[in-house]
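Peer 1: Okay, here's the structure, questions in a sec.
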Amino acid sequence: MTPGKHPSFKENYRRLRSAQKPGRGAPLYSLMVNRPLGRAFAAMAHRFGMKPDQVTALSALFTFAGICAIALMEPGVVAALTVTVALVVGYALDAADGQLARLRGGGSLTGEWLDHVIDAFKVATLHVAVLIMLFQQGADERWLLVPLLFGIANVVEFFG
């Protein structure tokens, strides 16, 4: 992957600004962080000739590294920074894959399926990681219900 075969980062970014999904009903975090950062990642990925599925794979790598860090790292400043960076980058790359597909003229059904499967796995595992961390830290058993119930609600909302 080398730059030069595709439009400049600036041109890609400009084209993506005018090709955004409507913001109505989208969470504020998506509008203020994910989409703008994802737009920059998509413009860069297009510049280097990447495909949307490759960006989806990078998204999964960062997101699952962050989820594993929640479950496995000792809580503290290093863990907080690791989880924050991994999840912010992972979620922004998740926004970038669709933007890259639009920039390239459309994605594939397989790519859309892969994106949704990874999103479903993320939704299903994030709160399990929090539960594991709380259990390892010796949290009161009642607190273990919080990530369990929130995880159930999140999965139902995602699939509903």
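Naming works like this for the structure tokens: A, B, ... for the chains as they're shown, residue 1 at the start of each chain, ligands 1 onward in shown order.
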For Pro52 of chain A, work out the shell of residues within 7 Å, counting only C-alpha atoms and skipping chain neighbours fewer than 2 positions away, then give it as a ChimeraX atom specification.

Peer 2: /A:50,54-56,97-98,100-101

Peer 1: Using only all heavy atoms, please write the residues we just selected to a file, as a compact mmCIF listing (two decimals), in the first residue's frame.

Peer 2:
# COMPACT_ATOMS: atom_id res chain seq x y z
N MET A 50 -6.46 1.03 0.81
CA MET A 50 -7.06 -0.01 1.64
C MET A 50 -8.52 -0.25 1.24
O MET A 50 -9.17 0.63 0.68
CB MET A 50 -6.99 0.38 3.13
CG MET A 50 -5.59 0.40 3.67
SD MET A 50 -5.56 0.87 5.41
CE MET A 50 -6.24 -0.60 6.17
N GLN A 54 -10.53 -4.33 5.24
CA GLN A 54 -9.26 -4.19 5.96
C GLN A 54 -9.42 -3.22 7.12
O GLN A 54 -8.87 -3.44 8.21
CB GLN A 54 -8.16 -3.72 5.01
CG GLN A 54 -7.78 -4.76 3.97
CD GLN A 54 -6.84 -4.20 2.92
OE1 GLN A 54 -7.10 -3.15 2.33
NE2 GLN A 54 -5.74 -4.90 2.69
N VAL A 55 -10.18 -2.16 6.90
CA VAL A 55 -10.44 -1.19 7.97
C VAL A 55 -11.30 -1.84 9.06
O VAL A 55 -11.07 -1.63 10.25
CB VAL A 55 -11.08 0.10 7.41
CG1 VAL A 55 -11.48 1.06 8.52
CG2 VAL A 55 -10.13 0.78 6.43
N THR A 56 -12.28 -2.65 8.64
CA THR A 56 -13.10 -3.39 9.61
C THR A 56 -12.22 -4.29 10.47
O THR A 56 -12.41 -4.37 11.69
CB THR A 56 -14.18 -4.22 8.88
OG1 THR A 56 -15.00 -3.35 8.12
CG2 THR A 56 -15.04 -5.00 9.87
N ASP A 97 -14.99 2.38 8.11
CA ASP A 97 -15.15 1.38 7.06
C ASP A 97 -16.31 1.70 6.13
O ASP A 97 -16.19 1.61 4.91
CB ASP A 97 -15.23 -0.05 7.62
CG ASP A 97 -16.36 -0.27 8.63
OD1 ASP A 97 -17.20 0.62 8.84
OD2 ASP A 97 -16.39 -1.37 9.22
N GLY A 98 -17.43 2.13 6.68
CA GLY A 98 -18.57 2.51 5.84
C GLY A 98 -18.29 3.77 5.04
O GLY A 98 -18.70 3.88 3.87
N LEU A 100 -15.36 4.72 4.01
CA LEU A 100 -14.44 4.32 2.96
C LEU A 100 -15.20 3.62 1.83
O LEU A 100 -14.93 3.86 0.65
CB LEU A 100 -13.35 3.40 3.52
CG LEU A 100 -12.35 2.85 2.50
CD1 LEU A 100 -11.61 3.97 1.77
CD2 LEU A 100 -11.37 1.91 3.20
N ALA A 101 -16.16 2.78 2.19
CA ALA A 101 -16.97 2.10 1.17
C ALA A 101 -17.70 3.12 0.30
O ALA A 101 -17.73 3.00 -0.93
CB ALA A 101 -17.96 1.13 1.83

Peer 1: Running DSSP on the backbone, which parts of chain A land in alpha helix (DSSP H), as a VMD selection string?

Peer 2: chain A and resid 9 to 17 28 to 29 35 to 47 52 to 72 77 to 103 109 to 136 141 to 159

Peer 1: Could you tell me which of A:Met73, A:Leu149, A:Ala124, A:Val88 comes closest to Gln136 of chain A if we count only C-alpha atoms?

Peer 2: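 That would be A:Met73, the residue with the smallest distance to Gln136 of chain A.
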
Peer 1: Could you check the closest approach to Asp94 of chain A for each of A:Ile132, A:Met44, A:Leu114, A:Ile70 and tell me which residue wins, using only C-alpha atoms?

Peer 2: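 For Asp94 of chain A, the nearest of the candidates is A:Leu114.
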
Peer 1: Per residue of segment 86-126 of chain A within 10 Å of segment 22-36 of chain A, which atom pair is closest and at what distance in Å (one decimal), using only C-alpha atoms, listed by chain and increasing number, as CSV?

Peer 2:
residue,atom,partner,partner_atom,distance
A:Val88,CA,A:Asn34,CA,7.8
A:Val89,CA,A:Asn34,CA,8.7
A:Gly90,CA,A:Asn34,CA,9.5
A:Tyr91,CA,A:Asn34,CA,6.5
A:Ala92,CA,A:Asn34,CA,4.6
A:Leu93,CA,A:Asn34,CA,8.0
A:Asp94,CA,A:Asn34,CA,8.2
A:Ala95,CA,A:Arg35,CA,5.9
A:Ala96,CA,A:Arg35,CA,7.4
A:Gln99,CA,A:Arg35,CA,8.7

Peer 1: Got time to write the residues from that selection, C-alpha atoms, as a CSV table (one decimal), in the first residue's frame?

Peer 2:
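Dumped everything to result_28.csv:
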chain,number,residue,atom,x,y,z
A,88,VAL,CA,-11.7,5.3,20.7
A,89,VAL,CA,-9.5,4.2,17.7
A,90,GLY,CA,-11.5,0.9,17.3
A,91,TYR,CA,-14.9,2.7,17.3
A,92,ALA,CA,-13.6,5.4,15.0
A,93,LEU,CA,-12.3,2.8,12.6
A,94,ASP,CA,-15.7,1.2,12.8
A,95,ALA,CA,-17.1,4.5,11.5
A,96,ALA,CA,-14.4,4.6,8.8
A,99,GLN,CA,-17.2,5.9,4.9

Peer 1: Just checking: using only C-alpha atoms, which residue out of A:Arg15, A:Arg47, A:Ala129, A:Lys10 ends up closest to Ala69 of chain A?

Peer 2: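 With only C-alpha atoms as the atom set, the closest residue is A:Ala129.
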
Peer 1: So, with only C-alpha atoms as the atoms that count, which of A:Val130, A:Phe9, A:Val83, A:Ala40 lies closest to Gly66 of chain A?

Peer 2: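 Using only C-alpha atoms, Gly66 of chain A sits closest to A:Val83.
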
Peer 1: If you measure from atom CA of Leu103 of chain A to atom CA of Leu37 of chain A, what distance in Å do you get, rounded to one decimal?

Peer 2: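 Here the two named atoms are 15.3 Å from each other.
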
Peer 1: So which one's closest to Val117 of chain A, A:Ala79, A:Leu148, A:Ala60, A:Glu11? Using only C-alpha atoms, please.

Peer 2: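 Checking each of A:Ala79, A:Leu148, A:Ala60, A:Glu11 against Val117 of chain A, counting only C-alpha atoms, the winner is A:Ala60.
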
Peer 1: Figure out the distance between atom CA of Arg14 of chain A and atom CA of His116 of chain A, please, to one decimal in Å.

Peer 2: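 Going from atom CA of His116 of chain A over to atom CA of Arg14 of chain A, I get 26.9 Å.
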
Peer 1: Which polymer residues have any atom within 10 Å of an atom of Ile67 of chain A, counting only C-alpha atoms, with same-chain residues fewer than 3 positions away left out, as a list in words?

Peer 2: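 Within the cut-off, the hits are Phe62, Thr63, Phe64, Ile70, Ala71, Leu72, Val83, Ala86, Leu87, Lys122, Thr125, Leu126, His127, Val128, Ala129 and Val130 of chain A.
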
Peer 1: Just write the chosen residues, N, CA and C atoms, as a PDB file, in the first residue's frame.

Peer 2:
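Result saved to part_12.pdb:
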ATOM      1  N   PHE A  62      -8.346  -3.266  17.298  1.00  0.00           N
ATOM      2  CA  PHE A  62      -8.255  -2.253  18.352  1.00  0.00           C
ATOM      3  C   PHE A  62      -9.364  -2.429  19.389  1.00  0.00           C
ATOM      4  N   THR A  63     -10.599  -2.658  18.921  1.00  0.00           N
ATOM      5  CA  THR A  63     -11.727  -2.776  19.844  1.00  0.00           C
ATOM      6  C   THR A  63     -11.552  -3.963  20.779  1.00  0.00           C
ATOM      7  N   PHE A  64     -11.179  -5.107  20.233  1.00  0.00           N
ATOM      8  CA  PHE A  64     -11.047  -6.291  21.079  1.00  0.00           C
ATOM      9  C   PHE A  64      -9.828  -6.217  21.977  1.00  0.00           C
ATOM     10  N   ILE A  70      -9.808  -4.350  29.446  1.00  0.00           N
ATOM     11  CA  ILE A  70     -10.756  -4.142  30.549  1.00  0.00           C
ATOM     12  C   ILE A  70     -10.762  -5.369  31.450  1.00  0.00           C
ATOM     13  N   ALA A  71     -10.827  -6.542  30.845  1.00  0.00           N
ATOM     14  CA  ALA A  71     -10.942  -7.785  31.613  1.00  0.00           C
ATOM     15  C   ALA A  71      -9.627  -8.207  32.264  1.00  0.00           C
ATOM     16  N   LEU A  72      -8.507  -7.892  31.649  1.00  0.00           N
ATOM     17  CA  LEU A  72      -7.244  -8.498  32.075  1.00  0.00           C
ATOM     18  C   LEU A  72      -6.266  -7.566  32.782  1.00  0.00           C
ATOM     19  N   VAL A  83      -7.212   1.290  27.543  1.00  0.00           N
ATOM     20  CA  VAL A  83      -8.593   1.000  27.149  1.00  0.00           C
ATOM     21  C   VAL A  83      -9.172   2.167  26.353  1.00  0.00           C
ATOM     22  N   ALA A  86      -7.527   2.390  22.807  1.00  0.00           N
ATOM     23  CA  ALA A  86      -7.930   1.246  21.976  1.00  0.00           C
ATOM     24  C   ALA A  86      -9.393   1.354  21.546  1.00  0.00           C
ATOM     25  N   LEU A  87     -10.274   1.716  22.480  1.00  0.00           N
ATOM     26  CA  LEU A  87     -11.697   1.790  22.133  1.00  0.00           C
ATOM     27  C   LEU A  87     -12.020   3.003  21.263  1.00  0.00           C
ATOM     28  N   LYS A 122     -18.860  -7.144  19.638  1.00  0.00           N
ATOM     29  CA  LYS A 122     -18.433  -6.045  20.514  1.00  0.00           C
ATOM     30  C   LYS A 122     -19.504  -5.762  21.567  1.00  0.00           C
ATOM     31  N   THR A 125     -19.650  -8.595  24.178  1.00  0.00           N
ATOM     32  CA  THR A 125     -18.492  -8.879  25.029  1.00  0.00           C
ATOM     33  C   THR A 125     -18.041  -7.726  25.922  1.00  0.00           C
ATOM     34  N   LEU A 126     -18.365  -6.509  25.569  1.00  0.00           N
ATOM     35  CA  LEU A 126     -17.879  -5.365  26.334  1.00  0.00           C
ATOM     36  C   LEU A 126     -18.295  -5.443  27.807  1.00  0.00           C
ATOM     37  N   HIS A 127     -19.556  -5.725  28.046  1.00  0.00           N
ATOM     38  CA  HIS A 127     -20.039  -5.748  29.431  1.00  0.00           C
ATOM     39  C   HIS A 127     -19.613  -7.006  30.175  1.00  0.00           C
ATOM     40  N   VAL A 128     -19.348  -8.074  29.437  1.00  0.00           N
ATOM     41  CA  VAL A 128     -18.785  -9.277  30.054  1.00  0.00           C
ATOM     42  C   VAL A 128     -17.383  -8.959  30.574  1.00  0.00           C
ATOM     43  N   ALA A 129     -16.618  -8.172  29.809  1.00  0.00           N
ATOM     44  CA  ALA A 129     -15.284  -7.778  30.256  1.00  0.00           C
ATOM     45  C   ALA A 129     -15.360  -6.955  31.539  1.00  0.00           C
ATOM     46  N   VAL A 130     -16.326  -6.052  31.627  1.00  0.00           N
ATOM     47  CA  VAL A 130     -16.507  -5.262  32.848  1.00  0.00           C
ATOM     48  C   VAL A 130     -16.874  -6.178  34.012  1.00  0.00           C
TER      49      VAL A 130
END

Peer 1: In Å, how far is it from atom CA of Pro75 of chain A to atom CA of Met133 of chain A?

Peer 2: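 Separation between atom CA of Pro75 of chain A and atom CA of Met133 of chain A: 8.3 Å.
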